[in-house]
Every structure is written in C-alpha cells, then in structure tokens.
>>> print(open('entry16.txt').read())   # compact mmCIF, C-alpha atoms
# COMPACT_ATOMS: atom_id res chain seq x y z
CA MET A 1 -19.22 23.25 -15.01
CA LYS A 2 -20.66 21.54 -11.93
CA GLN A 3 -19.51 19.33 -9.10
CA SER A 4 -20.55 16.07 -7.45
CA PHE A 5 -19.08 14.06 -4.59
CA SER A 6 -19.68 11.14 -2.29
CA ASP A 7 -17.88 8.34 -0.45
CA ILE A 8 -17.63 4.80 -1.74
CA SER A 9 -17.04 1.86 0.62
CA LEU A 10 -14.70 -1.00 -0.16
CA ASN A 11 -14.04 -4.23 1.72
CA THR A 12 -10.41 -5.26 2.05
CA ASN A 13 -9.24 -8.74 2.88
CA GLY A 14 -5.95 -8.26 4.72
CA GLU A 15 -2.75 -6.73 3.38
CA GLY A 16 -2.83 -6.41 -0.41
CA PHE A 17 -4.44 -4.75 -3.39
CA THR A 18 -8.03 -4.20 -4.53
CA ASN A 19 -8.47 -3.00 -8.10
CA ILE A 20 -11.02 -0.17 -7.79
CA THR A 21 -10.92 1.04 -11.41
CA SER A 22 -14.37 -0.35 -12.22
CA ASN A 23 -15.84 0.86 -8.91
CA ILE A 24 -14.75 4.38 -9.84
CA GLU A 25 -16.09 4.08 -13.39
CA SER A 26 -19.45 2.84 -12.04
CA TRP A 27 -19.64 5.95 -9.84
CA ILE A 28 -18.74 8.18 -12.82
CA SER A 29 -21.47 6.58 -14.89
CA GLN A 30 -24.05 6.82 -12.10
CA MET A 31 -23.24 10.52 -11.58
CA ARG A 32 -23.41 11.14 -15.35
CA PHE A 33 -19.95 12.74 -15.04
CA ASP A 34 -18.65 13.21 -18.58
CA THR A 35 -15.40 15.18 -18.54
CA GLY A 36 -13.35 16.79 -15.80
CA ILE A 37 -11.08 16.17 -12.85
CA LEU A 38 -11.91 13.51 -10.27
CA LEU A 39 -10.13 13.68 -6.93
CA LEU A 40 -9.79 10.47 -4.89
CA SER A 41 -8.98 10.77 -1.18
CA ILE A 42 -8.61 7.93 1.25
CA LYS A 43 -10.21 8.58 4.66
CA HIS A 44 -7.79 6.34 6.62
CA THR A 45 -4.17 6.42 7.78
CA SER A 46 -3.23 2.78 7.22
CA CYS A 47 -4.08 2.18 3.56
CA SER A 48 -3.14 3.95 0.32
CA LEU A 49 -4.19 4.72 -3.23
CA LEU A 50 -1.91 3.42 -5.99
CA ILE A 51 -1.80 3.52 -9.77
CA ASN A 52 0.33 0.64 -11.02
CA GLU A 53 0.47 -2.33 -13.40
CA ASN A 54 -2.79 -4.19 -14.01
CA ALA A 55 -1.46 -7.17 -15.98
CA ASP A 56 0.94 -9.54 -14.19
CA PRO A 57 -0.26 -10.13 -10.58
CA ARG A 58 3.36 -10.83 -9.58
CA VAL A 59 4.06 -7.11 -9.88
CA LEU A 60 1.67 -6.51 -7.00
CA ASP A 61 3.15 -9.42 -5.03
CA ASP A 62 6.66 -8.03 -5.48
CA LEU A 63 5.45 -4.55 -4.46
CA SER A 64 3.96 -6.03 -1.31
CA ARG A 65 7.12 -8.01 -0.48
CA PHE A 66 9.28 -4.95 -1.09
CA MET A 67 7.17 -2.79 1.22
CA LYS A 68 7.23 -5.40 3.99
CA ALA A 69 11.03 -5.58 3.71
CA ILE A 70 11.66 -1.86 3.74
CA VAL A 71 9.06 -1.06 6.43
CA PRO A 72 9.39 -4.13 8.62
CA GLU A 73 7.11 -5.08 11.51
CA GLU A 74 10.15 -5.66 13.71
CA GLY A 75 11.02 -1.96 13.98
CA ILE A 76 13.06 0.81 12.39
CA PRO A 77 15.48 -0.65 9.81
CA ARG A 78 19.22 -0.72 10.52
CA ILE A 79 20.81 0.71 7.43
CA PHE A 80 24.37 0.86 8.67
CA PRO A 81 26.07 -2.20 10.20
CA ASN A 82 26.68 -0.97 13.72
CA GLU A 83 23.31 0.65 14.35
CA ARG A 84 21.10 -0.54 17.15
CA ARG A 85 17.76 -2.00 16.09
CA GLN A 86 14.92 0.21 17.37
CA PRO A 87 11.37 -0.98 18.08
CA TYR A 88 8.40 1.25 17.20
CA ASN A 89 7.03 3.24 20.14
CA HIS A 90 3.45 3.26 18.79
CA ALA A 91 2.72 -0.43 19.40
CA GLU A 92 -0.64 -0.75 21.19
CA GLU A 93 -2.71 -1.27 18.07
CA GLY A 94 -0.81 -4.35 16.91
CA PRO A 95 2.50 -5.07 15.17
CA ASP A 96 1.07 -4.18 11.74
CA ASP A 97 -0.28 -0.75 12.73
CA MET A 98 2.82 1.48 12.83
CA PRO A 99 4.27 -0.11 9.66
CA ALA A 100 0.89 0.60 8.02
CA HIS A 101 1.13 4.31 8.91
CA ILE A 102 4.66 4.47 7.46
CA ARG A 103 3.67 2.60 4.28
CA THR A 104 0.81 5.08 3.90
CA ALA A 105 3.23 8.03 4.28
CA LEU A 106 5.49 6.58 1.54
CA THR A 107 2.63 6.18 -0.96
CA ALA A 108 -0.38 8.29 -1.99
CA THR A 109 -3.48 9.20 0.00
CA SER A 110 -4.92 11.58 -2.61
CA ILE A 111 -4.83 11.12 -6.39
CA GLY A 112 -6.26 13.25 -9.19
CA LEU A 113 -7.68 11.53 -12.29
CA SER A 114 -8.45 13.03 -15.69
CA ILE A 115 -11.89 11.92 -16.90
CA GLU A 116 -12.90 12.07 -20.57
CA LYS A 117 -16.13 10.65 -22.02
CA ARG A 118 -16.98 8.94 -18.71
CA THR A 119 -13.67 7.04 -18.74
CA ILE A 120 -10.58 7.40 -16.55
CA VAL A 121 -7.68 8.48 -18.76
CA LEU A 122 -5.09 5.81 -18.00
CA GLY A 123 -2.32 4.08 -19.92
CA SER A 124 -2.98 0.54 -21.19
CA TRP A 125 -1.19 -1.11 -18.28
CA GLN A 126 -2.50 1.10 -15.47
CA GLY A 127 -5.07 0.19 -12.85
CA VAL A 128 -6.23 2.14 -9.79
CA TYR A 129 -5.75 0.23 -6.54
CA LEU A 130 -6.63 0.50 -2.90
CA TRP A 131 -3.58 -0.84 -1.02
CA GLU A 132 -4.57 -2.23 2.38
CA HIS A 133 -1.63 -2.21 4.79
CA ARG A 134 -3.36 -3.80 7.82
CA TYR A 135 -3.54 -7.58 8.22
CA SER A 136 -7.22 -7.94 9.15
CA ASN A 137 -10.29 -7.15 7.03
CA HIS A 138 -11.50 -3.56 6.93
CA VAL A 139 -14.23 -1.44 5.41
CA ARG A 140 -12.44 1.47 3.74
CA LYS A 141 -13.97 4.72 2.53
CA VAL A 142 -12.69 6.61 -0.49
CA ARG A 143 -13.97 10.12 -1.15
CA LEU A 144 -14.73 10.93 -4.79
CA HIS A 145 -15.04 14.59 -5.74
CA ALA A 146 -15.69 15.48 -9.39
CA ILE A 147 -15.55 18.90 -11.03
CA GLY A 148 -16.40 19.27 -14.71
CA ASP A 149 -19.19 18.68 -17.21
CA PHE A 150 -22.12 16.40 -16.45
CA SER A 151 -24.94 15.30 -18.76
CA MET B 1 -14.68 28.54 -15.87
CA LYS B 2 -13.82 26.07 -18.63
CA GLN B 3 -11.61 23.04 -19.16
CA SER B 4 -9.01 21.84 -21.62
CA PHE B 5 -6.91 18.67 -21.83
CA SER B 6 -4.52 16.71 -23.99
CA ASP B 7 -1.49 14.43 -23.84
CA ILE B 8 2.06 15.61 -24.35
CA SER B 9 4.81 13.22 -25.49
CA LEU B 10 8.32 13.26 -24.10
CA ASN B 11 11.40 11.30 -25.09
CA THR B 12 13.48 9.88 -22.27
CA ASN B 13 17.06 8.78 -22.57
CA GLY B 14 17.44 5.98 -20.03
CA GLU B 15 17.11 6.24 -16.25
CA GLY B 16 17.14 9.87 -15.10
CA PHE B 17 15.33 13.17 -15.11
CA THR B 18 13.81 15.37 -17.81
CA ASN B 19 12.86 18.90 -16.77
CA ILE B 20 9.35 19.36 -18.23
CA THR B 21 8.57 22.76 -16.66
CA SER B 22 8.90 24.62 -19.96
CA ASN B 23 6.97 21.91 -21.89
CA ILE B 24 4.08 22.43 -19.50
CA GLU B 25 4.28 26.22 -19.73
CA SER B 26 4.28 25.99 -23.56
CA TRP B 27 1.08 23.94 -23.39
CA ILE B 28 -0.48 26.46 -20.96
CA SER B 29 0.39 29.30 -23.33
CA GLN B 30 -0.90 27.47 -26.39
CA MET B 31 -4.21 26.66 -24.62
CA ARG B 32 -4.49 30.29 -23.43
CA PHE B 33 -4.97 28.90 -19.91
CA ASP B 34 -4.70 31.85 -17.54
CA THR B 35 -5.56 30.78 -14.00
CA GLY B 36 -6.70 27.53 -12.45
CA ILE B 37 -5.66 24.02 -11.50
CA LEU B 38 -3.63 21.86 -13.87
CA LEU B 39 -3.55 18.12 -13.21
CA LEU B 40 -0.59 16.12 -14.56
CA SER B 41 -0.97 12.33 -14.83
CA ILE B 42 1.62 9.93 -16.14
CA LYS B 43 0.20 7.19 -18.38
CA HIS B 44 2.89 4.60 -17.53
CA THR B 45 3.83 2.37 -14.60
CA SER B 46 7.61 2.65 -14.77
CA CYS B 47 8.25 6.38 -14.63
CA SER B 48 7.17 9.17 -12.25
CA LEU B 49 6.44 12.84 -11.87
CA LEU B 50 8.61 14.77 -9.43
CA ILE B 51 8.90 18.32 -8.17
CA ASN B 52 12.41 18.88 -6.81
CA GLU B 53 15.47 21.13 -6.94
CA ASN B 54 16.27 22.75 -10.28
CA ALA B 55 19.70 24.24 -9.46
CA ASP B 56 22.52 21.82 -8.60
CA PRO B 57 22.37 18.76 -10.93
CA ARG B 58 24.08 16.70 -8.22
CA VAL B 59 20.78 16.74 -6.29
CA LEU B 60 19.22 14.72 -9.12
CA ASP B 61 22.26 12.42 -9.32
CA ASP B 62 22.08 11.75 -5.59
CA LEU B 63 18.32 11.11 -5.85
CA SER B 64 18.97 8.60 -8.59
CA ARG B 65 21.75 6.84 -6.65
CA PHE B 66 19.58 6.72 -3.55
CA MET B 67 16.67 5.17 -5.43
CA LYS B 68 18.90 2.54 -7.05
CA ALA B 69 20.29 1.63 -3.62
CA ILE B 70 16.95 1.37 -1.83
CA VAL B 71 15.14 -0.40 -4.72
CA PRO B 72 17.96 -2.55 -6.08
CA GLU B 73 17.87 -4.58 -9.29
CA GLU B 74 19.17 -7.59 -7.42
CA GLY B 75 15.91 -8.16 -5.52
CA ILE B 76 14.06 -7.32 -2.32
CA PRO B 77 16.44 -5.60 0.13
CA ARG B 78 17.60 -7.44 3.26
CA ILE B 79 17.06 -4.99 6.06
CA PHE B 80 17.93 -7.30 8.94
CA PRO B 81 21.22 -9.25 8.99
CA ASN B 82 19.92 -12.80 8.90
CA GLU B 83 17.26 -12.36 6.24
CA ARG B 84 17.45 -14.32 3.05
CA ARG B 85 17.86 -12.26 -0.12
CA GLN B 86 14.77 -12.63 -2.33
CA PRO B 87 14.72 -12.19 -6.12
CA TYR B 88 11.77 -10.45 -7.79
CA ASN B 89 9.18 -12.85 -9.26
CA HIS B 90 8.19 -10.45 -12.05
CA ALA B 91 11.41 -10.75 -14.08
CA GLU B 92 10.51 -11.42 -17.74
CA GLU B 93 10.64 -7.78 -18.83
CA GLY B 94 14.25 -7.25 -17.77
CA PRO B 95 16.11 -6.61 -14.52
CA ASP B 96 15.12 -2.93 -14.49
CA ASP B 97 11.36 -3.48 -14.88
CA MET B 98 10.21 -4.57 -11.43
CA PRO B 99 12.46 -1.98 -9.69
CA ALA B 100 10.87 0.63 -12.00
CA HIS B 101 7.36 -0.34 -10.86
CA ILE B 102 8.44 -0.07 -7.21
CA ARG B 103 10.19 3.28 -7.75
CA THR B 104 6.98 4.51 -9.40
CA ALA B 105 4.93 3.37 -6.38
CA LEU B 106 7.24 5.28 -4.01
CA THR B 107 6.97 8.55 -5.95
CA ALA B 108 4.13 10.46 -7.67
CA THR B 109 2.12 9.51 -10.76
CA SER B 110 -0.34 12.41 -10.49
CA ILE B 111 0.47 15.99 -9.44
CA GLY B 112 -1.73 19.07 -9.19
CA LEU B 113 -0.27 22.47 -10.10
CA SER B 114 -1.63 25.92 -9.29
CA ILE B 115 -1.54 28.15 -12.38
CA GLU B 116 -1.65 31.94 -12.15
CA LYS B 117 -1.19 34.36 -15.08
CA ARG B 118 -0.11 31.50 -17.38
CA THR B 119 2.71 30.52 -15.00
CA ILE B 120 3.13 27.47 -12.76
CA VAL B 121 3.20 28.66 -9.16
CA LEU B 122 6.48 27.15 -7.93
CA GLY B 123 9.14 28.13 -5.42
CA SER B 124 12.39 29.59 -6.78
CA TRP B 125 14.24 26.28 -6.57
CA GLN B 126 11.49 23.99 -7.87
CA GLY B 127 11.33 22.32 -11.26
CA VAL B 128 8.84 19.75 -12.57
CA TYR B 129 10.51 16.54 -13.75
CA LEU B 130 9.64 13.34 -15.53
CA TRP B 131 11.68 10.62 -13.78
CA GLU B 132 12.38 7.72 -16.12
CA HIS B 133 13.06 4.50 -14.20
CA ARG B 134 13.76 2.17 -17.19
CA TYR B 135 17.25 1.89 -18.69
CA SER B 136 16.36 2.16 -22.39
CA ASN B 137 14.86 5.12 -24.24
CA HIS B 138 11.08 5.57 -24.14
CA VAL B 139 8.38 7.86 -25.46
CA ARG B 140 6.32 8.84 -22.42
CA LYS B 141 2.89 10.44 -22.38
CA VAL B 142 1.76 12.87 -19.72
CA ARG B 143 -1.90 13.85 -19.54
CA LEU B 144 -2.56 17.55 -18.86
CA HIS B 145 -6.05 18.51 -17.68
CA ALA B 146 -6.75 22.17 -16.88
CA ILE B 147 -9.80 23.65 -15.16
CA GLY B 148 -10.09 27.40 -14.71
CA ASP B 149 -10.17 30.64 -16.66
CA PHE B 150 -8.99 30.88 -20.27
CA SER B 151 -8.62 33.96 -22.46
CA MET C 1 -18.21 27.85 -9.84
CA LYS C 2 -15.35 30.25 -9.01
CA GLN C 3 -11.76 30.09 -7.86
CA SER C 4 -9.60 31.64 -5.17
CA PHE C 5 -5.94 31.21 -4.26
CA SER C 6 -3.14 32.55 -2.09
CA ASP C 7 -0.06 31.47 -0.15
CA ILE C 8 -0.03 30.86 3.58
CA SER C 9 3.18 31.09 5.60
CA LEU C 10 4.10 28.67 8.35
CA ASN C 11 7.00 28.68 10.78
CA THR C 12 8.74 25.38 11.35
CA ASN C 13 10.93 24.56 14.28
CA GLY C 14 13.46 22.06 12.98
CA GLU C 15 12.78 18.57 11.64
CA GLY C 16 9.25 17.41 12.49
CA PHE C 17 5.55 17.95 11.95
CA THR C 18 3.25 20.98 12.10
CA ASN C 19 -0.48 20.22 12.06
CA ILE C 20 -1.87 22.71 9.51
CA THR C 21 -5.46 21.43 9.44
CA SER C 22 -6.82 24.43 11.30
CA ASN C 23 -4.69 26.89 9.29
CA ILE C 24 -6.30 25.53 6.13
CA GLU C 25 -9.78 25.65 7.61
CA SER C 26 -9.24 29.27 8.67
CA TRP C 27 -8.29 30.13 5.09
CA ILE C 28 -11.39 28.29 3.78
CA SER C 29 -13.60 30.23 6.18
CA GLN C 30 -11.97 33.57 5.34
CA MET C 31 -12.40 32.93 1.59
CA ARG C 32 -16.03 31.85 2.14
CA PHE C 33 -15.18 28.68 0.21
CA ASP C 34 -18.11 26.30 0.71
CA THR C 35 -17.67 23.21 -1.47
CA GLY C 36 -15.09 22.13 -4.00
CA ILE C 37 -11.54 20.95 -4.50
CA LEU C 38 -8.65 22.59 -2.66
CA LEU C 39 -5.15 21.99 -3.99
CA LEU C 40 -2.22 22.37 -1.57
CA SER C 41 1.28 22.78 -3.05
CA ILE C 42 4.47 23.26 -1.11
CA LYS C 43 6.83 25.85 -2.61
CA HIS C 44 10.04 24.24 -1.29
CA THR C 45 12.18 21.18 -2.03
CA SER C 46 13.10 20.15 1.50
CA CYS C 47 9.74 19.79 3.24
CA SER C 48 6.56 17.82 2.46
CA LEU C 49 2.83 17.65 2.88
CA LEU C 50 1.45 14.63 4.72
CA ILE C 51 -1.94 13.31 5.76
CA ASN C 52 -1.50 10.91 8.66
CA GLU C 53 -2.67 10.04 12.18
CA ASN C 54 -3.65 12.95 14.43
CA ALA C 55 -4.07 11.09 17.73
CA ASP C 56 -0.98 9.40 19.23
CA PRO C 57 2.07 11.70 18.80
CA ARG C 58 4.32 8.62 18.86
CA VAL C 59 3.09 7.82 15.34
CA LEU C 60 4.76 11.01 14.14
CA ASP C 61 7.90 10.28 16.17
CA ASP C 62 8.15 6.80 14.67
CA LEU C 63 7.61 8.24 11.18
CA SER C 64 10.43 10.67 11.78
CA ARG C 65 12.78 7.97 13.13
CA PHE C 66 11.94 5.70 10.19
CA MET C 67 12.67 8.42 7.66
CA LYS C 68 16.00 9.29 9.30
CA ALA C 69 17.02 5.61 9.22
CA ILE C 70 16.05 4.98 5.61
CA VAL C 71 17.41 8.30 4.28
CA PRO C 72 20.45 8.73 6.52
CA GLU C 73 22.63 11.84 6.76
CA GLU C 74 25.71 9.67 6.38
CA GLY C 75 25.08 8.91 2.70
CA ILE C 76 23.40 6.44 0.37
CA PRO C 77 22.31 3.33 2.30
CA ARG C 78 24.11 0.03 1.80
CA ILE C 79 21.38 -2.51 1.26
CA PHE C 80 23.56 -5.49 0.41
CA PRO C 81 26.43 -6.55 2.71
CA ASN C 82 29.39 -5.98 0.42
CA GLU C 83 28.38 -2.63 -1.00
CA ARG C 84 30.57 0.37 -0.50
CA ARG C 85 29.04 3.21 1.51
CA GLN C 86 28.64 6.28 -0.72
CA PRO C 87 28.56 9.89 0.53
CA TYR C 88 26.17 12.39 -1.06
CA ASN C 89 27.75 14.60 -3.72
CA HIS C 90 25.42 17.55 -3.01
CA ALA C 91 26.89 18.48 0.37
CA GLU C 92 27.56 22.23 0.43
CA GLU C 93 24.27 23.20 2.06
CA GLY C 94 24.79 21.08 5.15
CA PRO C 95 24.48 17.39 6.06
CA ASP C 96 20.69 17.62 6.37
CA ASP C 97 20.07 19.17 2.93
CA MET C 98 20.44 16.25 0.51
CA PRO C 99 18.54 13.87 2.84
CA ALA C 100 15.78 16.53 2.96
CA HIS C 101 15.50 16.55 -0.86
CA ILE C 102 15.24 12.74 -0.90
CA ARG C 103 12.67 12.67 1.93
CA THR C 104 10.66 15.22 -0.06
CA ALA C 105 10.83 13.02 -3.18
CA LEU C 106 9.52 10.02 -1.20
CA THR C 107 6.52 11.92 0.20
CA ALA C 108 4.00 14.42 -1.21
CA THR C 109 4.54 17.98 -2.40
CA SER C 110 1.00 18.48 -3.75
CA ILE C 111 -2.23 17.18 -2.19
CA GLY C 112 -5.85 17.60 -3.25
CA LEU C 113 -8.52 17.97 -0.57
CA SER C 114 -12.29 17.57 -0.91
CA ILE C 115 -14.10 20.44 0.81
CA GLU C 116 -17.76 20.21 1.87
CA LYS C 117 -19.62 22.84 3.94
CA ARG C 118 -16.38 24.72 4.64
CA THR C 119 -14.78 21.59 6.16
CA ILE C 120 -11.97 19.38 4.90
CA VAL C 121 -13.40 15.90 4.27
CA LEU C 122 -11.06 13.74 6.36
CA GLY C 123 -11.39 10.51 8.30
CA SER C 124 -11.64 10.77 12.11
CA TRP C 125 -7.95 10.02 12.64
CA GLN C 126 -6.52 12.14 9.82
CA GLY C 127 -4.68 15.44 10.13
CA VAL C 128 -2.90 17.49 7.48
CA TYR C 129 0.75 18.12 8.29
CA LEU C 130 3.68 20.12 7.01
CA TRP C 131 6.71 17.86 7.44
CA GLU C 132 9.91 19.89 7.83
CA HIS C 133 12.98 17.89 6.83
CA ARG C 134 15.68 20.54 7.58
CA TYR C 135 17.15 20.88 11.07
CA SER C 136 16.96 24.66 11.47
CA ASN C 137 13.86 26.87 11.64
CA HIS C 138 12.26 27.95 8.36
CA VAL C 139 9.37 30.02 7.07
CA ARG C 140 7.53 27.75 4.63
CA LYS C 141 4.94 28.77 2.06
CA VAL C 142 2.04 26.57 1.04
CA ARG C 143 -0.04 27.53 -2.00
CA LEU C 144 -3.79 27.06 -1.60
CA HIS C 145 -5.89 27.00 -4.77
CA ALA C 146 -9.64 26.43 -4.46
CA ILE C 147 -12.14 25.74 -7.23
CA GLY C 148 -15.83 25.33 -6.41
CA ASP C 149 -18.74 27.18 -4.85
CA PHE C 150 -18.25 30.22 -2.65
CA SER C 151 -20.87 32.15 -0.66
>>> encode(input="entry16.txt", output="structure tokens")
Amino acid sequence: MKQSFSDISLNTNGEGFTNITSNIESWISQMRFDTGILLLSIKHTSCSLLINENADPRVLDDLSRFMKAIVPEEGIPRIFPNERRQPYNHAEEGPDDMPAHIRTALTATSIGLSIEKRTIVLGSWQGVYLWEHRYSNHVRKVRLHAIGDFS
Amino acid sequence: MKQSFSDISLNTNGEGFTNITSNIESWISQMRFDTGILLLSIKHTSCSLLINENADPRVLDDLSRFMKAIVPEEGIPRIFPNERRQPYNHAEEGPDDMPAHIRTALTATSIGLSIEKRTIVLGSWQGVYLWEHRYSNHVRKVRLHAIGDFS
Amino acid sequence: MKQSFSDISLNTNGEGFTNITSNIESWISQMRFDTGILLLSIKHTSCSLLINENADPRVLDDLSRFMKAIVPEEGIPRIFPNERRQPYNHAEEGPDDMPAHIRTALTATSIGLSIEKRTIVLGSWQGVYLWEHRYSNHVRKVRLHAIGDFS
C-alpha cells in the first residue's frame, strides 16, 4: 500500500459543468494507480465537485437553472409571502460571488472515489463534474490524493 | 494495512429512506475489517446517501416533505413573486426523474466512515440511510471500499 | 502506511460557524501525521462540516441568513403561490431542531482532507468550519481518522 498525490488544473468557461472523468482517469493511469481510494478536493470556494448524469445534457442545464433559482443573484430568497427581500452583504466581488459561495456550500467540495483496475467505479450513467459557479473563466485546481496499490 | 471492496445491492420501495447501517456492519464483519476508513459510493444519479437521525421517524418524513417542496415535480421554483414558472427540459423519464437528479446533487453520493473494532463510529442518534428519490421500486448498488487493518 | 484516530471536542455558541482548521492541524501535529488522507466525521445530526471562505466574515453571515430563509423554522416552504404552509411534525425538541436536521442533510457530515507535510492542502481562501445549526450552546464531537505516513 502506497500513496500518491498532486493537483490538476482545469479551465472553466463561465457557470456550468466540465466533465473531468477522463482527466482523473488519465492521472490514475499516469500514476500507475491500480486499486484503492482516490480523494478529490477542490481548492476554491466558488465551484464544486458533482457526480451526476452523463447522458442527456438537459439534466445539467436543469440543474444549473434550478441552482440559479434557489440561490438567486438578487439576494436571500423570500420563502414566505410577507418577508422582506434581503440583499447579500458580501457584494464587493460581483453579483455572482456570494451566490457561488452558497452554491458551493450546498454541494460537494470533497469526494471519495473507489478505484479498481485503474478505473473509477461508477454506475453506467454517472460522470464526475467540476461545477463552476462564477460567470467568468477561471483556472481551477483539484487535489487528487490516492492511497492503495500501484504497479 | 490492506484493502477490500465490493458492491452491495439494496431494494428500495419508492421515495423514502432505507436504514443501511446494519447492512454495512454485516459486510464489515464478513470481510473481517477491523479498523480503518470505509468509503461508500452510490452507483446511481437519482438516489443519495445520508447520515441523519435514527430515532423519531417523523424526522425522515419531514426531510422528505421538505425536499419535495424545495425541488418540486412541477418545475424550477419561483423564488421571487414575478418570476415565470419554468418546467424541466429533461422530462422523458417521468415527472420524478429530474427532481431526483437535483435532490441527488443537493445531498451526498459518497460518504467516508471511520471504522473501529468492526463498528461504524457514529453518534448515538445517527443512522446511515439510502435515500431513494424515484417513485417506483429500484435495486440500488452501493460500492463499499475499505482500507485498514483486517483480521 | 499506518493509521491513527480519535475524537476532538468543540464548544459551539449557538447557530453559526467555528473555524476548526487550527484544531485539526494541532491534532495532525500531535499525532505526527505527515502525509495521507484525513477523514472528518461529525457525530451529530444537527450540525455540519463546511469548507468555505475564510476571509470576509460577511460570507458566513450571508450563508447563515440564506440557510435560515430556505429552511425556515416556521415549517416546510411554500414554493408555489397556492400551496398550503405545512408545519414540521417533529417539533418536540424545539423550533430549531427539525430545521437543524434538514440543514445538516443539505450540507456535509463527512469530509476527506489531503494532508501533506503536516498541513491540510487547502486553497488560499479556504477554511474548515463546524457549522452549528442549533440555537443553544453545545459540545460537538468530530471524529478524525488518518491513514498515511507518520514520523
């Protein structure tokens, strides 16, 4: 049993999803990591890691529309009719910044993957995604830390 | 230090919760896994893993009612009064499918457990649940991957 | 490769955030844990673990206000205009208890951290927080389980 770790960099192109399944499997192959646990950790507070459907792209579109509705740019949602609408107080970094922190808190920033025979053990319809919550392009770093058997 | 892994299958009975704590502890016992980290990963995109209260069943009922309210079948929620209500675009697989993907994104698909003396280290009121988000019955697979000391 | 584990206790002071980054790093140093994976698990069902921004405290305030709005004490949110407002059925333990269970379900109860040279691998703006969802003070236990190289 050994370990190996490094960061991988990914370019995002505004709010939305980047399928990173093959990026992770390339890293696994390069490290000669055969079987074990691989921990993914995002090094940012305004994007997330997500495992969700890899087939119909409208699933990802609907996820994105849902998240924008429930964590709106305009401020804290009014759930009950007579509530006052409240703006965010953390507003200096742009209207998409505080919603991005909240969307990150509601999703995952660290995910464990089971690796067998150099492959991520996933269901047929699962892909691993980086979910960018900011509106401009970013370079995002994901930490990969593997513990298990290498060849 | 060694590792061991396999899938376990679970039958769900429509939307709701299945307590899988004893299923996991049976697997631990069968594998003679004494102490280490156990990673659980769900191999589906419309059900989740959850650690929550194991005592009053109304906690789980309220969780379920909350999730149905916040991720409704009818489409993307209108948070602000004058917004237009938007249907989901991914609709072919039934009215419960897209909400199930969103509910999965808002909860956990991979959970790490600390195992000591063949027991999951949990608080007194914690149970490990499979949360089915679809309305019909399903067979669900959970991957278990253990790293640590075996006897 | 070895392992080490124990619980740490933390005092919370009502709903809000406690930065536990340095508590975890003290434990790492005391255990002489150099490099590996550290699993954090919360042993309660009404508080969470969170990795989010460590700079502007208004980010945490906005997170807290958002969570109170979306998971209100008053009962299940009405998303569509003509819905009936529904109280929680699990109400005996106080008006903040059921919302706390839901807020826990929407956030993380187990987080994996990559450790290198006795330091948590985090981005510049990331801190690790215990998020208390109850309104009174509590003593909270977090399980730490490390697998990797010790010195």
>>> residues_around(input="entry16.txt", residues="stretch 4-15 of chain C", least_positions_apart="2", cutoff="7 Å", atoms="all atoms listed in the file", output="compact mmCIF listing (two decimals) with C-alpha atoms, keeping the file's coordinate frame")
# COMPACT_ATOMS: atom_id res chain seq x y z
CA GLU C 132 9.91 19.89 7.83
CA HIS C 133 12.98 17.89 6.83
CA ARG C 134 15.68 20.54 7.58
CA TYR C 135 17.15 20.88 11.07
CA SER C 136 16.96 24.66 11.47
CA ASN C 137 13.86 26.87 11.64
CA HIS C 138 12.26 27.95 8.36
CA VAL C 139 9.37 30.02 7.07
CA ARG C 140 7.53 27.75 4.63
CA LYS C 141 4.94 28.77 2.06
CA VAL C 142 2.04 26.57 1.04
CA ARG C 143 -0.04 27.53 -2.00
CA LEU C 144 -3.79 27.06 -1.60
CA HIS C 145 -5.89 27.00 -4.77
CA ALA C 146 -9.64 26.43 -4.46
CA ILE C 147 -12.14 25.74 -7.23
>>> interface_residues(input="entry16.txt", of="chain A", to="chain C", cutoff="10 Å", atoms="all atoms listed in the file", output="MDAnalysis selection string")
chainID A and resid 1:7 37:46 70:71 75:81 83 86:91 97:99 101:112 141:147
>>> atom_distance(input="entry16.txt", atom1="atom CA of A:Ile28", atom2="atom CA of A:Leu130")
17.4 Å
>>> atom_distance(input="entry16.txt", atom1="atom CA of C:Met31", atom2="atom CA of B:Ser151")
24.4 Å
>>> atom_distance(input="entry16.txt", atom1="atom CA of C:Glu73", atom2="atom CA of C:Gly94")
9.6 Å
>>> closest_residue(input="entry16.txt", among="C:Val128, C:Ala55, C:Ile120, C:Ala100", to="C:Glu25", atoms="only C-alpha atoms")
C:Ile120
>>> build_atoms(input="entry16.txt", residues="stretch 24-36 of chain C", atoms="N, CA and C atoms", output="CSV table (one decimal), in the coordinates of the input")
chain,number,residue,atom,x,y,z
C,24,ILE,N,-5.6,25.7,7.4
C,24,ILE,CA,-6.3,25.5,6.1
C,24,ILE,C,-7.8,25.9,6.3
C,25,GLU,N,-8.4,25.4,7.4
C,25,GLU,CA,-9.8,25.6,7.6
C,25,GLU,C,-10.0,27.1,7.9
C,26,SER,N,-9.1,27.8,8.5
C,26,SER,CA,-9.2,29.3,8.7
C,26,SER,C,-9.2,30.0,7.3
C,27,TRP,N,-8.4,29.6,6.4
C,27,TRP,CA,-8.3,30.1,5.1
C,27,TRP,C,-9.6,29.9,4.4
C,28,ILE,N,-10.1,28.7,4.4
C,28,ILE,CA,-11.4,28.3,3.8
C,28,ILE,C,-12.5,29.2,4.3
C,29,SER,N,-12.6,29.4,5.6
C,29,SER,CA,-13.6,30.2,6.2
C,29,SER,C,-13.5,31.7,5.7
C,30,GLN,N,-12.2,32.2,5.8
C,30,GLN,CA,-12.0,33.6,5.3
C,30,GLN,C,-12.3,33.8,3.9
C,31,MET,N,-12.1,32.8,3.0
C,31,MET,CA,-12.4,32.9,1.6
C,31,MET,C,-13.9,32.7,1.3
C,32,ARG,N,-14.6,32.2,2.3
C,32,ARG,CA,-16.0,31.8,2.1
C,32,ARG,C,-16.2,30.8,1.1
C,33,PHE,N,-15.2,29.8,1.2
C,33,PHE,CA,-15.2,28.7,0.2
C,33,PHE,C,-16.1,27.6,0.8
C,34,ASP,N,-17.2,27.3,0.1
C,34,ASP,CA,-18.1,26.3,0.7
C,34,ASP,C,-17.8,24.9,0.3
C,35,THR,N,-17.7,24.6,-1.0
C,35,THR,CA,-17.7,23.2,-1.5
C,35,THR,C,-16.9,23.2,-2.7
C,36,GLY,N,-15.9,22.2,-2.8
C,36,GLY,CA,-15.1,22.1,-4.0
C,36,GLY,C,-13.8,21.4,-3.7
